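File shown: query.cif. Contents: mmCIF, C-alpha atoms, pLDDT in the B column; chains and numbers go by the auth columns.
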```
data_structure
loop_
_atom_site.group_PDB
_atom_site.id
_atom_site.type_symbol
_atom_site.label_atom_id
_atom_site.label_comp_id
_atom_site.label_asym_id
_atom_site.label_seq_id
_atom_site.Cartn_x
_atom_site.Cartn_y
_atom_site.Cartn_z
_atom_site.B_iso_or_equiv
_atom_site.auth_seq_id
_atom_site.auth_asym_id
ATOM 1 C CA THR A 1 -10.484 -14.469 4.838 92.00 108 A
ATOM 2 C CA HIS A 2 -10.092 -10.869 3.615 95.00 109 A
ATOM 3 C CA LEU A 3 -8.749 -7.639 5.087 97.00 110 A
ATOM 4 C CA ALA A 4 -9.454 -4.003 4.252 97.00 111 A
ATOM 5 C CA LEU A 5 -7.040 -1.329 5.434 98.00 112 A
ATOM 6 C CA MET A 6 -8.627 2.087 5.001 98.00 113 A
ATOM 7 C CA ASP A 7 -7.232 5.557 5.653 97.00 114 A
ATOM 8 C CA THR A 8 -4.668 4.159 8.035 97.00 115 A
ATOM 9 C CA GLY A 9 -0.997 3.989 8.847 96.00 116 A
ATOM 10 C CA TYR A 10 1.526 1.416 9.929 97.00 117 A
ATOM 11 C CA LEU A 11 4.463 3.299 11.392 97.00 118 A
ATOM 12 C CA PRO A 12 5.012 4.293 15.019 97.00 119 A
ATOM 13 C CA LYS A 13 5.222 7.922 16.070 96.00 120 A
ATOM 14 C CA VAL A 14 8.373 9.564 14.785 94.00 121 A
ATOM 15 C CA THR A 15 10.987 10.436 17.391 95.00 122 A
ATOM 16 C CA GLY A 16 12.316 13.921 17.954 97.00 123 A
ATOM 17 C CA ALA A 17 10.735 17.251 17.112 97.00 124 A
ATOM 18 C CA VAL A 18 8.338 15.845 14.492 96.00 125 A
ATOM 19 C CA GLY A 19 6.937 13.291 16.931 96.00 126 A
ATOM 20 C CA GLU A 20 6.711 15.887 19.681 97.00 127 A
ATOM 21 C CA ALA A 21 4.780 18.198 17.349 96.00 128 A
ATOM 22 C CA GLU A 22 2.347 15.373 16.523 96.00 129 A
ATOM 23 C CA VAL A 23 1.772 14.705 20.217 97.00 130 A
ATOM 24 C CA ALA A 24 1.247 18.408 20.930 97.00 131 A
ATOM 25 C CA LYS A 25 -1.335 18.749 18.147 96.00 132 A
ATOM 26 C CA ARG A 26 -3.192 15.654 19.280 97.00 133 A
ATOM 27 C CA MET A 27 -3.127 16.714 22.938 98.00 134 A
ATOM 28 C CA ASP A 28 -4.439 20.170 21.989 98.00 135 A
ATOM 29 C CA LEU A 29 -7.510 18.416 20.579 97.00 136 A
ATOM 30 C CA VAL A 30 -7.891 16.378 23.779 98.00 137 A
ATOM 31 C CA ALA A 31 -7.696 19.569 25.832 98.00 138 A
ATOM 32 C CA ILE A 32 -10.441 21.159 23.739 98.00 139 A
ATOM 33 C CA ALA A 33 -12.630 18.047 24.107 98.00 140 A
ATOM 34 C CA GLN A 34 -12.136 18.063 27.871 98.00 141 A
ATOM 35 C CA SER A 35 -12.576 21.802 28.441 98.00 142 A
ATOM 36 C CA GLN A 36 -15.103 22.823 25.767 98.00 143 A
ATOM 37 C CA GLY A 37 -16.720 19.517 24.850 98.00 144 A
ATOM 38 C CA VAL A 38 -16.333 16.949 22.118 98.00 145 A
ATOM 39 C CA ARG A 39 -18.444 18.981 19.679 98.00 146 A
ATOM 40 C CA ALA A 40 -16.083 21.967 19.946 98.00 147 A
ATOM 41 C CA MET A 41 -13.111 19.660 19.362 98.00 148 A
ATOM 42 C CA ALA A 42 -14.842 17.936 16.451 98.00 149 A
ATOM 43 C CA LEU A 43 -15.619 21.238 14.742 97.00 150 A
ATOM 44 C CA GLN A 44 -11.884 21.929 14.706 96.00 151 A
ATOM 45 C CA TRP A 45 -10.803 18.351 13.995 96.00 152 A
ATOM 46 C CA VAL A 46 -13.101 17.959 10.973 97.00 153 A
ATOM 47 C CA GLN A 47 -11.194 20.722 9.156 95.00 154 A
ATOM 48 C CA GLY A 48 -8.408 18.261 8.363 94.00 155 A
ATOM 49 C CA MET A 49 -10.560 15.153 8.168 96.00 156 A
ATOM 50 C CA VAL A 50 -12.504 15.794 4.977 97.00 157 A
ATOM 51 C CA ALA A 51 -11.307 16.945 1.575 97.00 158 A
ATOM 52 C CA PRO A 52 -10.939 20.739 1.690 96.00 159 A
ATOM 53 C CA HIS A 53 -13.660 21.381 -0.893 96.00 160 A
ATOM 54 C CA ARG A 54 -16.064 19.171 1.114 96.00 161 A
ATOM 55 C CA LEU A 55 -15.951 21.573 4.081 96.00 162 A
ATOM 56 C CA ALA A 56 -18.643 23.629 2.323 96.00 163 A
ATOM 57 C CA ASP A 57 -20.989 20.622 2.559 97.00 164 A
ATOM 58 C CA ALA A 58 -22.694 21.535 5.842 97.00 165 A
ATOM 59 C CA ALA A 59 -24.655 18.280 6.002 98.00 166 A
ATOM 60 C CA LEU A 60 -21.497 16.173 5.629 98.00 167 A
ATOM 61 C CA VAL A 61 -19.602 18.218 8.207 98.00 168 A
ATOM 62 C CA GLU A 62 -22.500 17.908 10.647 98.00 169 A
ATOM 63 C CA ARG A 63 -22.637 14.101 10.175 98.00 170 A
ATOM 64 C CA VAL A 64 -18.919 13.814 10.914 98.00 171 A
ATOM 65 C CA VAL A 65 -19.159 16.119 13.942 98.00 172 A
ATOM 66 C CA ALA A 66 -22.255 14.292 15.230 98.00 173 A
ATOM 67 C CA MET A 67 -20.440 10.958 14.895 97.00 174 A
ATOM 68 C CA MET A 68 -17.568 12.268 16.996 97.00 175 A
ATOM 69 C CA GLU A 69 -19.924 13.886 19.490 97.00 176 A
ATOM 70 C CA ARG A 70 -21.434 10.496 20.323 97.00 177 A
ATOM 71 C CA LYS A 71 -18.188 9.662 22.157 96.00 178 A
ATOM 72 C CA SER A 72 -17.000 11.180 25.402 97.00 179 A
ATOM 73 C CA ALA A 73 -13.871 13.254 25.896 98.00 180 A
ATOM 74 C CA ASP A 74 -12.430 10.286 27.825 98.00 181 A
ATOM 75 C CA VAL A 75 -12.989 7.929 24.904 97.00 182 A
ATOM 76 C CA PHE A 76 -11.381 10.459 22.572 97.00 183 A
ATOM 77 C CA ALA A 77 -8.395 10.795 24.949 98.00 184 A
ATOM 78 C CA HIS A 78 -7.961 7.000 24.917 98.00 185 A
ATOM 79 C CA GLN A 79 -8.089 6.992 21.097 96.00 186 A
ATOM 80 C CA ILE A 80 -5.445 9.712 20.952 97.00 187 A
ATOM 81 C CA ASN A 81 -3.252 7.841 23.427 97.00 188 A
ATOM 82 C CA ALA A 82 -3.508 4.714 21.273 97.00 189 A
ATOM 83 C CA LEU A 83 -2.406 6.740 18.234 96.00 190 A
ATOM 84 C CA ILE A 84 0.519 8.262 20.111 97.00 191 A
ATOM 85 C CA GLU A 85 1.630 4.863 21.461 97.00 192 A
ATOM 86 C CA ARG A 86 1.022 2.969 18.214 97.00 193 A
ATOM 87 C CA PRO A 87 3.497 0.195 17.424 97.00 194 A
ATOM 88 C CA ASP A 88 5.287 -0.415 14.142 98.00 195 A
ATOM 89 C CA GLY A 89 2.959 -2.544 12.013 98.00 196 A
ATOM 90 C CA THR A 90 5.504 -3.514 9.357 98.00 197 A
ATOM 91 C CA GLU A 91 5.878 -7.104 10.589 98.00 198 A
ATOM 92 C CA VAL A 92 2.112 -7.587 10.637 97.00 199 A
ATOM 93 C CA LEU A 93 1.888 -6.376 7.028 98.00 200 A
ATOM 94 C CA ARG A 94 4.730 -8.740 6.010 98.00 201 A
ATOM 95 C CA GLN A 95 2.752 -11.688 7.361 97.00 202 A
ATOM 96 C CA LEU A 96 -0.466 -11.025 5.443 97.00 203 A
ATOM 97 C CA ARG A 97 -1.340 -13.881 3.126 96.00 204 A
ATOM 98 C CA ILE A 98 -4.989 -13.036 2.494 96.00 205 A
ATOM 99 C CA PRO A 99 -6.608 -10.775 -0.106 96.00 206 A
ATOM 100 C CA THR A 100 -6.158 -7.233 1.150 97.00 207 A
ATOM 101 C CA LEU A 101 -7.733 -3.983 0.024 98.00 208 A
ATOM 102 C CA VAL A 102 -5.710 -0.838 0.776 98.00 209 A
ATOM 103 C CA LEU A 103 -8.052 2.126 0.271 98.00 210 A
ATOM 104 C CA CYS A 104 -7.939 5.823 1.081 98.00 211 A
ATOM 105 C CA GLY A 105 -9.317 9.177 0.079 98.00 212 A
ATOM 106 C CA ALA A 106 -7.164 10.841 -2.556 98.00 213 A
ATOM 107 C CA GLU A 107 -7.154 14.020 -0.454 97.00 214 A
ATOM 108 C CA ASP A 108 -6.539 12.363 2.919 97.00 215 A
ATOM 109 C CA SER A 109 -4.083 14.679 4.658 93.00 216 A
ATOM 110 C CA TRP A 110 -3.626 12.314 7.629 91.00 217 A
ATOM 111 C CA SER A 111 -3.113 9.004 5.815 95.00 218 A
ATOM 112 C CA ASN A 112 -2.360 9.979 2.240 96.00 219 A
ATOM 113 C CA PRO A 113 -2.208 7.829 -0.917 97.00 220 A
ATOM 114 C CA ALA A 114 1.606 7.713 -0.826 97.00 221 A
ATOM 115 C CA GLN A 115 1.431 6.195 2.660 97.00 222 A
ATOM 116 C CA HIS A 116 -1.057 3.606 1.401 97.00 223 A
ATOM 117 C CA ALA A 117 1.280 2.774 -1.487 97.00 224 A
ATOM 118 C CA GLU A 118 4.011 2.167 1.129 97.00 225 A
ATOM 119 C CA ILE A 119 1.664 -0.064 3.099 98.00 226 A
ATOM 120 C CA SER A 120 0.932 -2.112 -0.008 97.00 227 A
ATOM 121 C CA GLN A 121 4.656 -2.659 -0.642 97.00 228 A
ATOM 122 C CA TRP A 122 4.985 -4.616 2.607 98.00 229 A
ATOM 123 C CA ILE A 123 2.095 -7.002 1.866 98.00 230 A
ATOM 124 C CA PRO A 124 3.307 -10.100 0.003 96.00 231 A
ATOM 125 C CA ALA A 125 -0.182 -11.118 -1.145 91.00 232 A
ATOM 126 C CA ARG A 126 -0.321 -8.321 -3.783 92.00 233 A
ATOM 127 C CA PRO A 127 -3.035 -6.100 -2.346 97.00 234 A
ATOM 128 C CA THR A 128 -5.555 -4.102 -4.312 97.00 235 A
ATOM 129 C CA VAL A 129 -4.850 -0.395 -3.840 98.00 236 A
ATOM 130 C CA VAL A 130 -7.622 2.176 -4.374 98.00 237 A
ATOM 131 C CA SER A 131 -7.530 5.939 -4.025 98.00 238 A
ATOM 132 C CA VAL A 132 -11.014 7.484 -3.996 98.00 239 A
ATOM 133 C CA ALA A 133 -11.181 10.861 -5.740 97.00 240 A
ATOM 134 C CA ASP A 134 -12.700 13.907 -4.026 96.00 241 A
ATOM 135 C CA ALA A 135 -12.425 12.421 -0.532 97.00 242 A
ATOM 136 C CA GLY A 136 -10.287 12.917 2.538 97.00 243 A
ATOM 137 C CA HIS A 137 -9.803 10.840 5.686 97.00 244 A
ATOM 138 C CA MET A 138 -13.534 10.298 6.128 97.00 245 A
ATOM 139 C CA VAL A 139 -13.794 8.561 2.747 98.00 246 A
ATOM 140 C CA THR A 140 -16.695 6.295 3.711 98.00 247 A
ATOM 141 C CA MET A 141 -18.793 9.288 4.714 97.00 248 A
ATOM 142 C CA GLU A 142 -17.597 11.603 1.944 98.00 249 A
ATOM 143 C CA ARG A 143 -17.869 9.222 -0.990 98.00 250 A
ATOM 144 C CA PRO A 144 -19.745 6.060 0.055 98.00 251 A
ATOM 145 C CA GLU A 145 -20.709 4.957 -3.458 98.00 252 A
ATOM 146 C CA PRO A 146 -17.142 4.643 -4.834 98.00 253 A
ATOM 147 C CA VAL A 147 -16.075 2.921 -1.602 98.00 254 A
ATOM 148 C CA VAL A 148 -18.867 0.367 -1.932 98.00 255 A
ATOM 149 C CA GLN A 149 -17.982 -0.147 -5.612 98.00 256 A
ATOM 150 C CA ALA A 150 -14.319 -0.665 -4.724 98.00 257 A
ATOM 151 C CA PHE A 151 -15.353 -3.322 -2.201 97.00 258 A
ATOM 152 C CA LYS A 152 -17.632 -5.033 -4.730 97.00 259 A
ATOM 153 C CA ASP A 153 -14.912 -5.057 -7.378 96.00 260 A
ATOM 154 C CA TRP A 154 -12.319 -6.315 -4.918 97.00 261 A
ATOM 155 C CA LEU A 155 -14.527 -9.068 -3.513 96.00 262 A
ATOM 156 C CA ALA A 156 -15.448 -10.213 -7.037 95.00 263 A
ATOM 157 C CA MET A 157 -11.788 -10.741 -7.967 93.00 264 A
ATOM 158 C CA PRO A 158 -10.780 -14.370 -8.461 85.00 265 A
#
```

Please re-express this file's structure in structure tokens.
Amino acid sequence: THLALMDTGYLPKVTGAVGEAEVAKRMDLVAIAQSQGVRAMALQWVQGMVAPHRLADAALVERVVAMMERKSADVFAHQINALIERPDGTEVLRQLRIPTLVLCGAEDSWSNPAQHAEISQWIPARPTVVSVADAGHMVTMERPEPVVQAFKDWLAMP
């Protein structure tokens, strides 16, 4: 009955040098996970996953790293492959006819607010768009209270 799209994207991998650079960066992380362990990869990966000023929050960083560490290098490799092979989601967005929340961290460097504004333009059912201040890609872990409030406000809408 409702859909929330959070810190996400909808476009396939770009072709050419930009797409190749994305693949190389993602595969570098897979190589670290496979050779040094998921924790070593996660300690590097988290640098771009939370808002830059949140990197000083050791407890937050450890929670994010621990979450990643619960998965194996093989699982991570499959996740990366899915990201690399992702299809164009434009047609799916065009078909949405249910209340949709499009939410992201204002400092998400992977799936930024401009990208979420683009996503919302494809949804005919006039989605609710929320950008959570002081948060990056891990918005639910960085700023859970504003995320919960955004959900409450959205679900209370007529």

- Output of the PyMOL selection byres ((chain A and resi 257) around 10), listed as a list of chain:residue names: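 Given this file, the PyMOL selection byres ((chain A and resi 257) around 10) evaluates to A:Leu208, A:Leu210, A:Thr235, A:Val236, A:Val237, A:Ser238, A:Val239, A:Pro251, A:Glu252, A:Pro253, A:Val254, A:Val255, A:Gln256, A:Phe258, A:Lys259, A:Asp260, A:Trp261, A:Leu262, A:Ala263.
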
Selection from above, C-alpha atoms, as a compact mmCIF listing (two decimals), in the frame of the given file, can you write it?
```txt
# COMPACT_ATOMS: atom_id res chain seq x y z
CA LEU A 208 -7.73 -3.98 0.02
CA LEU A 210 -8.05 2.13 0.27
CA THR A 235 -5.56 -4.10 -4.31
CA VAL A 236 -4.85 -0.40 -3.84
CA VAL A 237 -7.62 2.18 -4.37
CA SER A 238 -7.53 5.94 -4.03
CA VAL A 239 -11.01 7.48 -4.00
CA PRO A 251 -19.74 6.06 0.06
CA GLU A 252 -20.71 4.96 -3.46
CA PRO A 253 -17.14 4.64 -4.83
CA VAL A 254 -16.08 2.92 -1.60
CA VAL A 255 -18.87 0.37 -1.93
CA GLN A 256 -17.98 -0.15 -5.61
CA PHE A 258 -15.35 -3.32 -2.20
CA LYS A 259 -17.63 -5.03 -4.73
CA ASP A 260 -14.91 -5.06 -7.38
CA TRP A 261 -12.32 -6.32 -4.92
CA LEU A 262 -14.53 -9.07 -3.51
CA ALA A 263 -15.45 -10.21 -7.04
```

- Can you turn the PyMOL selection byres ((chain A and resi 232) around 7) into a concrete residue list for this file, as a count of residues only? 8

- Explicit residue set for the PyMOL selection byres ((chain A and resi 150-157) around 7), as a list in words: Arg146, Ala147, Met148, Ala149, Ala158, Pro159, Arg161, Leu162, Val172, Ser216, Ala242, Gly243, His244 and Met245 of chain A

Could the residues in this selection be saved with C-alpha atoms as a PDB file, keeping the file's coordinate frame?
```pdb
ATOM      1  CA  ARG A 146     -18.444  18.981  19.679  1.00 98.00           C
ATOM      2  CA  ALA A 147     -16.083  21.967  19.946  1.00 98.00           C
ATOM      3  CA  MET A 148     -13.111  19.660  19.362  1.00 98.00           C
ATOM      4  CA  ALA A 149     -14.842  17.936  16.451  1.00 98.00           C
ATOM      5  CA  ALA A 158     -11.307  16.945   1.575  1.00 97.00           C
ATOM      6  CA  PRO A 159     -10.939  20.739   1.690  1.00 96.00           C
ATOM      7  CA  ARG A 161     -16.064  19.171   1.114  1.00 96.00           C
ATOM      8  CA  LEU A 162     -15.951  21.573   4.081  1.00 96.00           C
ATOM      9  CA  VAL A 172     -19.159  16.119  13.942  1.00 98.00           C
ATOM     10  CA  SER A 216      -4.083  14.679   4.658  1.00 93.00           C
ATOM     11  CA  ALA A 242     -12.425  12.421  -0.532  1.00 97.00           C
ATOM     12  CA  GLY A 243     -10.287  12.917   2.538  1.00 97.00           C
ATOM     13  CA  HIS A 244      -9.803  10.840   5.686  1.00 97.00           C
ATOM     14  CA  MET A 245     -13.534  10.298   6.128  1.00 97.00           C
TER      15      MET A 245
END
```

- Message: Using only C-alpha atoms for the distances, tell me which of A:Ala180, A:Ile226, A:Val168, A:Ala173 is nearest to Gly144 (chain A).
- Response: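 Of A:Ala180, A:Ile226, A:Val168, A:Ala173, the one nearest Gly144 (chain A) is A:Ala180, counting only C-alpha atoms.
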
Residues of region 160-203 of chain A that approach region 121-133 of chain A to 12 Å or less, counting only C-alpha atoms: could you list each one with the shortest pair of atoms and its distance in Å to one decimal, rows by chain and increasing residue number, as JSON lines?
```
{"residue": "A:Phe183", "atom": "CA", "partner": "A:Arg133", "partner_atom": "CA", "distance": 10.2}
{"residue": "A:Ala184", "atom": "CA", "partner": "A:Arg133", "partner_atom": "CA", "distance": 9.1}
{"residue": "A:His185", "atom": "CA", "partner": "A:Arg133", "partner_atom": "CA", "distance": 11.4}
{"residue": "A:Gln186", "atom": "CA", "partner": "A:Arg133", "partner_atom": "CA", "distance": 10.1}
{"residue": "A:Ile187", "atom": "CA", "partner": "A:Arg133", "partner_atom": "CA", "distance": 6.6}
{"residue": "A:Asn188", "atom": "CA", "partner": "A:Arg133", "partner_atom": "CA", "distance": 8.8}
{"residue": "A:Ala189", "atom": "CA", "partner": "A:Arg133", "partner_atom": "CA", "distance": 11.1}
{"residue": "A:Leu190", "atom": "CA", "partner": "A:Arg133", "partner_atom": "CA", "distance": 9.0}
{"residue": "A:Ile191", "atom": "CA", "partner": "A:Val130", "partner_atom": "CA", "distance": 6.6}
{"residue": "A:Glu192", "atom": "CA", "partner": "A:Val130", "partner_atom": "CA", "distance": 9.9}
{"residue": "A:Arg193", "atom": "CA", "partner": "A:Val121", "partner_atom": "CA", "distance": 10.5}
{"residue": "A:Pro194", "atom": "CA", "partner": "A:Val121", "partner_atom": "CA", "distance": 10.9}
{"residue": "A:Asp195", "atom": "CA", "partner": "A:Val121", "partner_atom": "CA", "distance": 10.5}
```

Around region 152-155 of chain A, with edges along x, y and z and 4 Å added on all six sides, what centre and edge lengths do you get, in Å to one decimal, as lines of an AutoDock Vina configuration file?
```
center_x = -10.8
center_y = 19.3
center_z = 11.2
size_x = 12.7
size_y = 10.8
size_z = 13.6
```

- Query: For Ala224 (chain A), which residue among A:Met113, A:Gln202, A:Arg250, A:Thr108 is the nearest when counting all atoms listed in the file?
  - Reply: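 For Ala224 (chain A), the nearest of the given residues is A:Met113.
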
- Note on the structure: Correct to one decimal, the distance CA of Asp215 (chain A)-CA of Thr247 (chain A) is 11.9 Å

- For CA of Ala140 (chain A) and CA of Lys178 (chain A), the interatomic separation in Å (one decimal):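 Between these atoms lies a distance of 10.2 Å.
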